[in-house]
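> model.pdb (PDB, C-alpha atoms) pasted underneath:
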```pdb
ATOM      1  CA  MET A1074     117.926  63.582  40.837
ATOM      2  CA  LYS A1075     118.403  59.921  41.771
ATOM      3  CA  ALA A1076     115.994  57.314  40.450
ATOM      4  CA  TYR A1077     115.929  53.577  39.943
ATOM      5  CA  GLU A1078     115.437  52.100  36.496
ATOM      6  CA  ILE A1079     114.573  48.676  35.213
ATOM      7  CA  LYS A1080     116.370  48.485  31.892
ATOM      8  CA  SER A1081     115.288  44.971  30.859
ATOM      9  CA  ASN A1082     113.590  41.856  32.203
ATOM     10  CA  ALA A1083     116.887  40.680  33.728
ATOM     11  CA  GLY A1084     115.452  40.574  37.252
ATOM     12  CA  ILE A1085     115.904  42.308  40.589
ATOM     13  CA  ASP A1086     119.682  42.608  40.467
ATOM     14  CA  ALA A1087     119.460  44.557  37.204
ATOM     15  CA  LEU A1088     117.639  47.366  39.029
ATOM     16  CA  ALA A1089     119.944  50.345  38.451
ATOM     17  CA  LEU A1090     120.359  53.593  40.376
ATOM     18  CA  VAL A1091     120.685  56.380  37.805
ATOM     19  CA  ASP A1092     120.817  60.157  37.524
ATOM     20  CA  ARG A1093     117.915  61.826  35.755
ATOM     21  CA  ALA A1094     117.003  65.449  35.267
ATOM     22  CA  GLU A1095     114.559  66.675  37.892
ATOM     23  CA  PRO A1096     111.143  66.816  36.185
ATOM     24  CA  LYS A1097     109.258  70.102  35.838
ATOM     25  CA  PRO A1098     105.487  70.416  36.160
ATOM     26  CA  THR A1099     103.530  71.854  33.254
ATOM     27  CA  ALA A1100      99.872  72.964  33.188
ATOM     28  CA  GLY A1101      97.779  70.836  35.522
ATOM     29  CA  GLN A1102     100.784  68.961  36.873
ATOM     30  CA  VAL A1103     102.394  68.736  40.298
ATOM     31  CA  LEU A1104     106.008  68.148  41.338
ATOM     32  CA  ILE A1105     106.251  65.780  44.294
ATOM     33  CA  GLN A1106     109.267  65.150  46.475
ATOM     34  CA  VAL A1107     108.828  61.449  47.120
ATOM     35  CA  LYS A1108     109.255  60.550  50.782
ATOM     36  CA  ALA A1109     108.501  56.821  50.672
ATOM     37  CA  THR A1110     107.415  54.039  48.335
ATOM     38  CA  SER A1111     106.133  50.530  48.914
ATOM     39  CA  LEU A1112     106.368  47.206  47.124
ATOM     40  CA  ASN A1113     103.697  44.895  45.743
ATOM     41  CA  TYR A1114     103.989  41.426  44.211
ATOM     42  CA  ARG A1115     103.221  43.035  40.861
ATOM     43  CA  ASP A1116     106.561  44.884  41.116
ATOM     44  CA  LEU A1117     108.389  41.547  41.144
ATOM     45  CA  LEU A1118     106.552  40.519  37.987
ATOM     46  CA  VAL A1119     107.578  43.775  36.278
ATOM     47  CA  ALA A1120     111.229  43.377  37.279
ATOM     48  CA  GLU A1121     111.344  39.766  36.099
ATOM     49  CA  GLY A1122     109.578  40.358  32.795
ATOM     50  CA  ALA A1123     106.467  38.410  33.797
ATOM     51  CA  TYR A1124     103.965  41.275  33.855
ATOM     52  CA  GLY A1125     103.173  41.288  30.148
ATOM     53  CA  ALA A1126     104.774  40.876  26.757
ATOM     54  CA  GLY A1127     104.462  44.570  25.925
ATOM     55  CA  GLN A1128     106.443  45.889  28.896
ATOM     56  CA  LYS A1129     108.549  48.926  27.922
ATOM     57  CA  TYR A1130     112.050  49.681  29.217
ATOM     58  CA  PRO A1131     113.748  51.593  30.706
ATOM     59  CA  LEU A1132     111.166  52.103  33.436
ATOM     60  CA  ILE A1133     111.117  53.714  36.858
ATOM     61  CA  PRO A1134     109.281  51.055  38.897
ATOM     62  CA  LEU A1135     106.708  51.007  41.728
ATOM     63  CA  SER A1136     103.128  52.186  41.686
ATOM     64  CA  ASP A1137     102.971  53.120  45.360
ATOM     65  CA  GLY A1138     104.473  56.257  46.805
ATOM     66  CA  ALA A1139     103.765  59.292  48.955
ATOM     67  CA  GLY A1140     105.386  62.671  49.200
ATOM     68  CA  GLU A1141     105.159  66.429  49.524
ATOM     69  CA  VAL A1142     103.979  68.812  46.826
ATOM     70  CA  VAL A1143     106.918  71.149  46.189
ATOM     71  CA  ALA A1144     105.841  72.902  42.965
ATOM     72  CA  VAL A1145     102.704  73.198  40.850
ATOM     73  CA  GLY A1146     102.049  74.013  37.224
ATOM     74  CA  GLU A1147      99.631  76.544  35.798
ATOM     75  CA  GLY A1148      95.970  75.921  36.634
ATOM     76  CA  VAL A1149      96.505  73.537  39.545
ATOM     77  CA  THR A1150      93.688  73.905  42.083
ATOM     78  CA  ARG A1151      93.208  70.450  43.678
ATOM     79  CA  VAL A1152      96.427  70.589  45.707
ATOM     80  CA  LYS A1153      98.899  73.205  46.873
ATOM     81  CA  ILE A1154     102.570  73.401  47.810
ATOM     82  CA  GLY A1155     103.128  71.649  51.127
ATOM     83  CA  ASP A1156     100.275  69.145  50.746
ATOM     84  CA  ARG A1157     100.985  65.515  51.607
ATOM     85  CA  VAL A1158      99.819  63.308  48.750
ATOM     86  CA  ALA A1159      99.884  59.856  47.207
ATOM     87  CA  GLY A1160      99.521  59.003  43.547
ATOM     88  CA  ILE A1161      96.758  56.688  42.334
ATOM     89  CA  PHE A1162      97.713  53.399  40.657
ATOM     90  CA  PHE A1163      95.979  54.075  37.327
ATOM     91  CA  GLN A1164      96.640  57.750  36.724
ATOM     92  CA  ASP A1165      93.642  58.093  34.401
ATOM     93  CA  TRP A1166      91.106  56.082  36.453
ATOM     94  CA  ILE A1167      89.357  58.821  38.408
ATOM     95  CA  TYR A1168      85.868  57.283  38.639
ATOM     96  CA  GLY A1169      83.565  54.912  36.782
ATOM     97  CA  SER A1170      84.679  51.664  35.179
ATOM     98  CA  LEU A1171      88.172  50.605  34.152
ATOM     99  CA  THR A1172      88.782  50.815  30.412
ATOM    100  CA  LYS A1173      91.527  49.735  28.038
ATOM    101  CA  GLU A1174      92.787  53.312  27.776
ATOM    102  CA  LYS A1175      92.832  53.834  31.548
ATOM    103  CA  MET A1176      94.796  50.599  31.956
ATOM    104  CA  LYS A1177      97.694  52.125  30.034
ATOM    105  CA  SER A1178      98.263  54.683  32.818
ATOM    106  CA  ASP A1179      99.516  52.295  35.526
ATOM    107  CA  LEU A1180     102.434  53.733  37.466
ATOM    108  CA  GLY A1181     105.530  51.555  37.373
ATOM    109  CA  GLY A1182     104.152  49.524  34.473
ATOM    110  CA  GLY A1183     102.711  51.410  31.535
ATOM    111  CA  ILE A1184     104.394  54.628  32.653
ATOM    112  CA  ASP A1185     107.248  55.596  34.974
ATOM    113  CA  GLY A1186     106.548  54.978  38.635
ATOM    114  CA  MET A1187     107.510  56.322  42.041
ATOM    115  CA  LEU A1188     110.981  54.945  42.882
ATOM    116  CA  ALA A1189     112.699  58.300  42.452
ATOM    117  CA  GLU A1190     113.506  61.404  44.462
ATOM    118  CA  TYR A1191     110.987  63.505  42.504
ATOM    119  CA  VAL A1192     108.038  62.692  40.247
ATOM    120  CA  VAL A1193     105.578  64.791  38.256
ATOM    121  CA  LEU A1194     101.941  63.660  38.294
ATOM    122  CA  HIS A1195      98.711  65.275  37.139
ATOM    123  CA  GLN A1196      96.717  66.979  39.884
ATOM    124  CA  ASP A1197      93.691  64.765  39.146
ATOM    125  CA  ALA A1198      95.731  61.619  39.819
ATOM    126  CA  LEU A1199      96.505  62.474  43.453
ATOM    127  CA  VAL A1200      94.830  61.986  46.811
ATOM    128  CA  ILE A1201      95.515  63.879  50.012
ATOM    129  CA  LEU A1202      96.924  61.655  52.748
ATOM    130  CA  PRO A1203      94.905  61.386  55.961
ATOM    131  CA  ASP A1204      96.482  63.640  58.596
ATOM    132  CA  TYR A1205      97.158  60.850  61.087
ATOM    133  CA  LEU A1206      99.295  58.810  58.678
ATOM    134  CA  SER A1207     103.018  59.283  58.087
ATOM    135  CA  TYR A1208     104.530  59.303  54.604
ATOM    136  CA  ILE A1209     105.773  55.759  55.221
ATOM    137  CA  GLU A1210     102.255  54.624  56.095
ATOM    138  CA  GLY A1211     100.662  56.581  53.272
ATOM    139  CA  ALA A1212     102.997  54.988  50.741
ATOM    140  CA  THR A1213     101.392  51.579  51.391
ATOM    141  CA  LEU A1214      97.898  52.572  50.246
ATOM    142  CA  PRO A1215      97.619  53.019  46.437
ATOM    143  CA  CYS A1216      97.679  49.367  45.345
ATOM    144  CA  ALA A1217      97.144  46.878  48.184
ATOM    145  CA  ALA A1218      94.746  48.906  50.303
ATOM    146  CA  VAL A1219      92.614  50.141  47.403
ATOM    147  CA  THR A1220      92.488  46.603  45.984
ATOM    148  CA  ALA A1221      91.207  45.188  49.276
ATOM    149  CA  TRP A1222      88.671  48.017  49.605
ATOM    150  CA  HIS A1223      87.427  47.570  46.035
ATOM    151  CA  GLY A1224      86.927  43.824  46.486
ATOM    152  CA  LEU A1225      85.318  43.766  49.909
ATOM    153  CA  VAL A1226      83.537  47.114  50.128
ATOM    154  CA  THR A1227      82.924  48.764  46.743
ATOM    155  CA  LYS A1228      81.891  45.574  44.950
ATOM    156  CA  GLY A1229      81.615  43.149  47.850
ATOM    157  CA  ASN A1230      79.164  45.173  49.953
ATOM    158  CA  ILE A1231      80.584  43.501  53.048
ATOM    159  CA  GLY A1232      78.334  43.707  56.096
ATOM    160  CA  ALA A1233      78.164  42.862  59.792
ATOM    161  CA  GLY A1234      78.104  39.133  60.404
ATOM    162  CA  ASP A1235      79.576  38.181  57.033
ATOM    163  CA  ASN A1236      82.226  35.461  56.972
ATOM    164  CA  VAL A1237      85.356  36.455  55.052
ATOM    165  CA  LEU A1238      88.221  34.164  54.031
ATOM    166  CA  LEU A1239      91.617  35.795  53.555
ATOM    167  CA  LEU A1240      94.481  33.911  51.935
ATOM    168  CA  GLY A1241      97.919  34.679  53.313
ATOM    169  CA  THR A1242      99.249  37.637  55.270
ATOM    170  CA  GLY A1243     100.632  39.933  52.576
ATOM    171  CA  GLY A1244      99.606  43.518  52.018
ATOM    172  CA  VAL A1245      96.203  42.971  50.384
ATOM    173  CA  SER A1246      95.104  40.300  52.851
ATOM    174  CA  ILE A1247      96.091  42.300  55.933
ATOM    175  CA  PHE A1248      94.311  45.424  54.680
ATOM    176  CA  ALA A1249      91.319  43.205  53.903
ATOM    177  CA  LEU A1250      91.419  41.903  57.487
ATOM    178  CA  GLN A1251      91.358  45.450  58.833
ATOM    179  CA  PHE A1252      88.493  46.471  56.520
ATOM    180  CA  ALA A1253      86.517  43.321  57.358
ATOM    181  CA  LYS A1254      86.731  44.050  61.076
ATOM    182  CA  ILE A1255      85.557  47.670  60.849
ATOM    183  CA  HIS A1256      82.489  46.373  58.989
ATOM    184  CA  GLY A1257      81.702  43.843  61.692
ATOM    185  CA  ALA A1258      82.612  40.767  59.656
ATOM    186  CA  ARG A1259      84.091  37.502  60.911
ATOM    187  CA  ALA A1260      87.533  36.905  59.425
ATOM    188  CA  ILE A1261      89.217  33.559  58.728
ATOM    189  CA  ILE A1262      92.836  33.827  57.577
ATOM    190  CA  THR A1263      95.403  31.325  56.288
ATOM    191  CA  SER A1264      99.197  31.204  56.392
ATOM    192  CA  SER A1265     102.024  28.678  56.424
ATOM    193  CA  SER A1266     103.458  30.370  59.535
ATOM    194  CA  ASP A1267     102.008  30.006  63.024
ATOM    195  CA  ASP A1268     103.843  33.172  64.047
ATOM    196  CA  LYS A1269     102.115  35.143  61.291
ATOM    197  CA  LEU A1270      98.760  33.638  62.259
ATOM    198  CA  ALA A1271      99.336  34.739  65.852
ATOM    199  CA  ARG A1272      99.976  38.288  64.631
ATOM    200  CA  ALA A1273      96.810  38.141  62.540
ATOM    201  CA  LYS A1274      94.899  37.112  65.665
ATOM    202  CA  GLN A1275      96.198  40.229  67.408
ATOM    203  CA  LEU A1276      94.769  42.306  64.530
ATOM    204  CA  GLY A1277      91.323  40.767  64.986
ATOM    205  CA  ALA A1278      91.300  37.558  62.942
ATOM    206  CA  ASP A1279      88.602  35.314  64.392
ATOM    207  CA  GLU A1280      89.918  32.003  63.043
ATOM    208  CA  THR A1281      93.305  30.987  61.677
ATOM    209  CA  ILE A1282      94.377  28.024  59.542
ATOM    210  CA  ASN A1283      97.926  26.875  58.807
ATOM    211  CA  TYR A1284      97.644  25.599  55.235
ATOM    212  CA  LYS A1285     100.839  23.552  55.545
ATOM    213  CA  THR A1286      99.615  21.528  58.495
ATOM    214  CA  THR A1287      96.036  21.624  57.175
ATOM    215  CA  PRO A1288      96.417  21.167  53.399
ATOM    216  CA  ASP A1289      92.660  20.611  52.986
ATOM    217  CA  TRP A1290      91.990  24.027  54.452
ATOM    218  CA  GLU A1291      88.811  24.473  52.431
ATOM    219  CA  LYS A1292      87.248  21.672  54.498
ATOM    220  CA  GLN A1293      88.272  23.412  57.701
ATOM    221  CA  VAL A1294      86.686  26.647  56.450
ATOM    222  CA  TYR A1295      83.500  24.713  55.719
ATOM    223  CA  GLN A1296      83.416  23.378  59.274
ATOM    224  CA  LEU A1297      84.144  26.806  60.774
ATOM    225  CA  THR A1298      81.071  28.229  59.017
ATOM    226  CA  ASN A1299      78.555  25.602  60.193
ATOM    227  CA  ARG A1300      78.995  23.655  56.950
ATOM    228  CA  THR A1301      77.821  26.638  54.914
ATOM    229  CA  GLY A1302      80.933  28.327  53.513
ATOM    230  CA  VAL A1303      82.120  31.925  53.658
ATOM    231  CA  ASP A1304      80.377  34.915  52.111
ATOM    232  CA  HIS A1305      83.558  36.403  50.613
ATOM    233  CA  VAL A1306      86.981  35.086  49.610
ATOM    234  CA  VAL A1307      89.912  37.434  49.011
ATOM    235  CA  GLU A1308      91.716  35.183  46.527
ATOM    236  CA  VAL A1309      95.365  36.149  46.056
ATOM    237  CA  GLY A1310      96.768  32.737  45.135
ATOM    238  CA  GLY A1311      95.423  32.274  41.627
ATOM    239  CA  ALA A1312      95.320  28.909  39.879
ATOM    240  CA  GLY A1313      96.893  27.028  42.779
ATOM    241  CA  THR A1314      94.267  28.035  45.332
ATOM    242  CA  LEU A1315      91.171  29.004  43.340
ATOM    243  CA  PRO A1316      89.718  25.460  43.238
ATOM    244  CA  LYS A1317      89.852  25.321  47.037
ATOM    245  CA  SER A1318      88.333  28.797  47.318
ATOM    246  CA  LEU A1319      85.456  27.662  45.104
ATOM    247  CA  GLN A1320      84.790  24.920  47.639
ATOM    248  CA  ALA A1321      85.157  27.213  50.665
ATOM    249  CA  VAL A1322      82.622  29.848  49.551
ATOM    250  CA  ARG A1323      78.891  29.502  50.242
ATOM    251  CA  ILE A1324      76.136  29.152  47.679
ATOM    252  CA  GLY A1325      75.598  32.618  46.230
ATOM    253  CA  GLY A1326      78.903  33.847  47.651
ATOM    254  CA  ARG A1327      81.598  36.014  46.124
ATOM    255  CA  ILE A1328      85.266  35.553  45.276
ATOM    256  CA  SER A1329      87.471  38.573  44.652
ATOM    257  CA  LEU A1330      90.249  37.313  42.372
ATOM    258  CA  ILE A1331      93.194  39.588  43.061
ATOM    259  CA  GLY A1332      96.537  37.830  42.674
ATOM    260  CA  VAL A1333      98.481  34.949  41.159
ATOM    261  CA  LEU A1334     100.929  34.165  43.950
ATOM    262  CA  SER A1335     100.583  30.407  43.417
ATOM    263  CA  GLY A1336     100.791  30.612  39.640
ATOM    264  CA  ARG A1337      98.515  30.715  36.633
ATOM    265  CA  GLY A1338      97.593  28.617  33.627
ATOM    266  CA  SER A1339      96.051  25.677  35.472
ATOM    267  CA  GLU A1340      92.724  24.288  34.305
ATOM    268  CA  ILE A1341      89.818  25.369  36.529
ATOM    269  CA  ASP A1342      86.557  23.419  36.723
ATOM    270  CA  PRO A1343      83.752  25.982  36.186
ATOM    271  CA  MET A1344      81.007  23.734  37.578
ATOM    272  CA  PRO A1345      81.206  24.989  41.211
ATOM    273  CA  ILE A1346      80.681  28.537  39.914
ATOM    274  CA  LEU A1347      77.566  27.403  38.067
ATOM    275  CA  PHE A1348      76.102  25.074  40.694
ATOM    276  CA  LYS A1349      76.721  27.469  43.598
ATOM    277  CA  SER A1350      75.635  30.605  41.694
ATOM    278  CA  LEU A1351      78.907  32.280  42.592
ATOM    279  CA  THR A1352      80.141  35.742  41.708
ATOM    280  CA  VAL A1353      83.824  35.640  40.758
ATOM    281  CA  GLN A1354      85.075  39.179  40.247
ATOM    282  CA  GLY A1355      88.458  40.263  38.967
ATOM    283  CA  ILE A1356      89.798  43.157  41.035
ATOM    284  CA  TYR A1357      92.507  45.283  39.426
ATOM    285  CA  VAL A1358      93.225  47.929  42.085
ATOM    286  CA  GLY A1359      90.647  50.757  41.849
ATOM    287  CA  SER A1360      89.812  54.355  41.009
ATOM    288  CA  ARG A1361      90.608  57.631  42.755
ATOM    289  CA  GLU A1362      86.982  57.743  43.886
ATOM    290  CA  MET A1363      87.455  54.411  45.692
ATOM    291  CA  PHE A1364      90.775  55.566  47.159
ATOM    292  CA  GLU A1365      89.170  58.680  48.626
ATOM    293  CA  ALA A1366      86.231  56.735  50.072
ATOM    294  CA  MET A1367      88.699  54.309  51.659
ATOM    295  CA  ASN A1368      90.728  57.166  53.140
ATOM    296  CA  GLN A1369      87.596  58.564  54.793
ATOM    297  CA  ALA A1370      86.873  55.206  56.413
ATOM    298  CA  MET A1371      90.489  54.798  57.500
ATOM    299  CA  GLN A1372      90.423  58.276  59.027
ATOM    300  CA  GLN A1373      87.180  57.547  60.854
ATOM    301  CA  HIS A1374      88.482  54.292  62.319
ATOM    302  CA  GLN A1375      92.134  55.391  62.622
ATOM    303  CA  ILE A1376      93.341  52.336  60.733
ATOM    304  CA  LYS A1377      97.129  52.065  60.664
ATOM    305  CA  PRO A1378      98.789  50.152  57.823
ATOM    306  CA  ILE A1379     100.798  47.156  59.014
ATOM    307  CA  ILE A1380     104.423  47.556  57.920
ATOM    308  CA  ASP A1381     106.897  44.709  58.195
ATOM    309  CA  ARG A1382     110.159  46.444  57.295
ATOM    310  CA  VAL A1383     111.408  49.809  56.056
ATOM    311  CA  PHE A1384     114.481  49.864  53.796
ATOM    312  CA  PRO A1385     116.551  52.944  52.945
ATOM    313  CA  PHE A1386     116.491  54.190  49.345
ATOM    314  CA  ALA A1387     120.002  52.848  48.754
ATOM    315  CA  GLU A1388     118.798  49.312  49.557
ATOM    316  CA  ALA A1389     115.925  49.074  47.076
ATOM    317  CA  ARG A1390     117.218  45.808  45.628
ATOM    318  CA  GLU A1391     117.344  44.294  49.103
ATOM    319  CA  ALA A1392     113.706  45.307  49.595
ATOM    320  CA  TYR A1393     112.777  43.465  46.393
ATOM    321  CA  HIS A1394     114.619  40.346  47.526
ATOM    322  CA  TYR A1395     112.867  40.473  50.885
ATOM    323  CA  LEU A1396     109.504  40.657  49.129
ATOM    324  CA  LYS A1397     110.438  37.673  46.972
ATOM    325  CA  SER A1398     111.320  35.660  50.082
ATOM    326  CA  ALA A1399     107.664  35.934  51.231
ATOM    327  CA  ALA A1400     108.892  36.386  54.798
ATOM    328  CA  HIS A1401     106.962  39.622  55.271
ATOM    329  CA  PHE A1402     103.732  40.275  57.161
ATOM    330  CA  GLY A1403     101.878  43.246  55.711
ATOM    331  CA  LYS A1404     103.813  45.818  53.689
ATOM    332  CA  ILE A1405     107.445  46.505  52.766
ATOM    333  CA  VAL A1406     108.448  50.162  52.435
ATOM    334  CA  ILE A1407     111.424  52.024  50.945
ATOM    335  CA  ARG A1408     112.180  55.340  52.680
ATOM    336  CA  ASN A1409     113.706  58.103  50.587
ATOM    337  CA  SER A1410     114.990  60.221  53.444
TER
END
```
Could you rewrite the structure in this file as structure tokens?

Amino acid sequence: MKAYEIKSNAGIDALALVDRAEPKPTAGQVLIQVKATSLNYRDLLVAEGAYGAGQKYPLIPLSDGAGEVVAVGEGVTRVKIGDRVAGIFFQDWIYGSLTKEKMKSDLGGGIDGMLAEYVVLHQDALVILPDYLSYIEGATLPCAAVTAWHGLVTKGNIGAGDNVLLLGTGGVSIFALQFAKIHGARAIITSSSDDKLARAKQLGADETINYKTTPDWEKQVYQLTNRTGVDHVVEVGGAGTLPKSLQAVRIGGRISLIGVLSGRGSEIDPMPILFKSLTVQGIYVGSREMFEAMNQAMQQHQIKPIIDRVFPFAEAREAYHYLKSAAHFGKIVIRNS
């Protein structure tokens, strides 16, 4: 079978298309013909050697993928041949809290991922795709969608009338916008592109802020919330934006720290967290239990993932470069066939 490998931390252009033996499922395992995969910012970090000092190579990348069950091993009862499935990000995180051991089972990081024609995964590490979604749409869910759901719903307990601040228009933020709206929340979203902000408006964003023309966007957020601040921030920027998010959130509010798009390592003043009694929660994707709860809500509300571009399997490197350009709105997908 064909698969892509990252052989070192040499970057995107070192991504190599290779031949591997088609895997065979053993007891409890499932063979999946992968139909589509999707990219996350984390995949850039893996390719460029910035995801962690202990990264192992060679590695089949990408955590996110969807496909058809084409064979099952002995004892498989959760799925059957012909089912449409997606793998979960942490293969061992079924429910409960994340642990050090569960963290070692991250697809496309600790273990081989989904950028291949076939993969073998354990039956417990799969979810059934909602019927109304295509493989291309289903491939966008395991990381970005579950992360947004975990932050806003599972831990955030978002409710009607809440004010939510979303940074940027990448995959996590756009899923968070969709989840905020089905819960009756008011969404404020930022971007450096007026065109992207206009698209966010079409998806239900109540207020938009161009952070290039309004560099003190935290002050604008404060004004838009009657000088109170937002209830929730979906913080994907990291060190470069966290100080502003701390100013934009209300007393007793919550920040879901999800990404490091603007960098890391900067010194952060902890006093706003103390004085405002804030909850700052790190969100590292989520469990299968969260994924399944999210799928039920998506099915109920017929939420469609927002996909910017779909690349053919042969153009995987081009998909990576497009992600790095930050020109996308929503998700980038690679189609296998």
> Since I can't run it myself right now, could you work out what the PyMOL selection byres ((chain A and resi 1110-1117) around 6) selects here and report it as a short mmCIF file (atom, residue, chain, number, x, y, z; two decimals) with C-alpha atoms, in the coordinates of the input?

```
data_model
loop_
_atom_site.label_atom_id
_atom_site.label_comp_id
_atom_site.auth_asym_id
_atom_site.auth_seq_id
_atom_site.Cartn_x
_atom_site.Cartn_y
_atom_site.Cartn_z
CA ALA A 1109 108.50 56.82 50.67
CA LEU A 1118 106.55 40.52 37.99
CA VAL A 1119 107.58 43.78 36.28
CA ALA A 1120 111.23 43.38 37.28
CA ASP A 1137 102.97 53.12 45.36
CA GLY A 1138 104.47 56.26 46.80
CA ALA A 1212 103.00 54.99 50.74
CA THR A 1213 101.39 51.58 51.39
CA ILE A 1405 107.44 46.50 52.77
CA VAL A 1406 108.45 50.16 52.44
CA ILE A 1407 111.42 52.02 50.94
#
```
> Carefully work through the PyMOL selection byres ((chain A and resi 1285) around 12) for this structure and note down the residues it includes, as an MDAnalysis selection string.
chainID A and resid 1241 1263:1267 1282:1284 1286:1290
> Pick out the closest residue to Leu1351 of chain A from this set: A:Gln1369, A:Ser1170, A:Leu1297, A:Gly1326. Count all atoms listed in the file.
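Closest residue, counting all atoms listed in the file: A:Gly1326.
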> Could you state which residues are captured by the PyMOL selection byres ((chain A and resi 1147) around 10) in this file, as a list in words?
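In the shown coordinates, the PyMOL selection byres ((chain A and resi 1147) around 10) covers Pro1098, Thr1099, Ala1100, Gly1101, Gln1102, Val1103, Val1145, Gly1146, Gly1148, Val1149 and Thr1150 of chain A.
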> Counting only C-alpha atoms, select every polymer residue within 8 Å of (88.8, 53.1, 48.1) as defined in the file's coordinates, and provide the selection as a VMD selection string.
chain A and resid 1218 to 1220 1222 to 1223 1227 1359 to 1368
> What is the atom CA of Ile1085 of chain A to atom CA of Leu1135 of chain A distance in Å?
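Atom CA of Leu1135 of chain A lies at a distance of 12.7 Å from atom CA of Ile1085 of chain A.
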> Find the residues around Ile1133 of chain A up to 7 Å (only C-alpha atoms counted), leave out those fewer than 5 positions away in its own chain, and share them as a ChimeraX atom specification.
/A:1077-1079,1181,1185-1188
> What does the distance between atom CA of Val1237 of chain A and atom CA of Gln1296 of chain A come to in Å, to one decimal place?
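For atom CA of Val1237 of chain A relative to atom CA of Gln1296 of chain A, the distance reads 13.9 Å.
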> Using only C-alpha atoms, which of the listed residues (A:Ser1207, A:Gln1372, A:Ser1081, A:Ser1178) sits closest to Gly1140 of chain A?
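Smallest separation from Gly1140 of chain A among the options: A:Ser1207.
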> So how far away is atom CA of Gly1127 of chain A from atom CA of Leu1088 of chain A, in Å?
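Going from atom CA of Leu1088 of chain A over to atom CA of Gly1127 of chain A, I get 18.8 Å.
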> Using only C-alpha atoms, can you tell me which of A:Ile1261, A:Phe1348, A:Ile1184, A:Leu1315 comes closest to Tyr1130 of chain A?
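Once distances to Tyr1130 of chain A are computed over only C-alpha atoms, the minimum belongs to A:Ile1184.
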> Between A:Ala1312, A:His1374, A:Asn1409, A:Gln1320, which has the minimum distance to Met1074 of chain A (counting all atoms listed in the file)?
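For Met1074 of chain A, the nearest of the given residues is A:Asn1409.
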> With only C-alpha atoms as the counted atoms, please give the residues lying no more than 10 Å from Ala1399 of chain A, apart from itself and same-chain residues fewer than 5 positions off, as an mmCIF file with C-alpha atoms, in the frame of the given file.

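Generated output (out.cif):
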```
data_model
loop_
_atom_site.group_PDB
_atom_site.id
_atom_site.type_symbol
_atom_site.label_atom_id
_atom_site.label_comp_id
_atom_site.auth_asym_id
_atom_site.auth_seq_id
_atom_site.Cartn_x
_atom_site.Cartn_y
_atom_site.Cartn_z
ATOM 1 C CA TYR A 1114 103.989 41.426 44.211
ATOM 2 C CA THR A 1242 99.249 37.637 55.270
ATOM 3 C CA GLY A 1243 100.632 39.933 52.576
ATOM 4 C CA HIS A 1394 114.619 40.346 47.526
#
```
> List every protein, DNA or RNA residue that has at least one atom no more than 9 Å from (106.3, 49.5, 27.6) in the file's coordinates, counting all atoms listed in the file, and write the result as number ranges by chain.
A: 1126-1132, 1182-1184
> Go through A:Thr1314, A:Asn1082, A:Gln1375, A:Gln1293 one by one, measure the shortest atom-to-atom distance of each to Gln1251 of chain A using only C-alpha atoms, and give the residue with the smallest value.
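Looking at the shortest contact to Gln1251 of chain A, the residue is A:Gln1375.
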> Looking at all atoms listed in the file, which of A:Asp1268, A:Asp1197, A:Glu1121, A:Asp1086 is the one that sits closest to Phe1402 of chain A?
A:Asp1268
> Step by step, gather every atom of segment 1254-1260 of chain A that the file lists, find the box along x, y and z that holds them, add 4 Å on each side, and finally give centre and edge lengths in Å to one decimal, as AutoDock Vina command-line options.

```
--center_x 84.6 --center_y 42.3 --center_z 60.3 --size_x 13.8 --size_y 18.8 --size_z 10.7
```
> Near Arg1300 of chain A, counting all atoms listed in the file, which residues have an atom at most 10 Å away, once you skip same-chain residues fewer than 5 positions from it, shown as a PyMOL selection string?
chain A and resi 1292-1295+1321+1323
> If you count all atoms listed in the file, which residues fall within 12 Å of Phe1248 of chain A, apart from same-chain ones fewer than 6 positions away, as a PyMOL selection string?
chain A and resi 1213-1226+1239-1242+1254-1255+1260+1273+1276-1278+1307+1367+1371+1376-1380+1402-1404
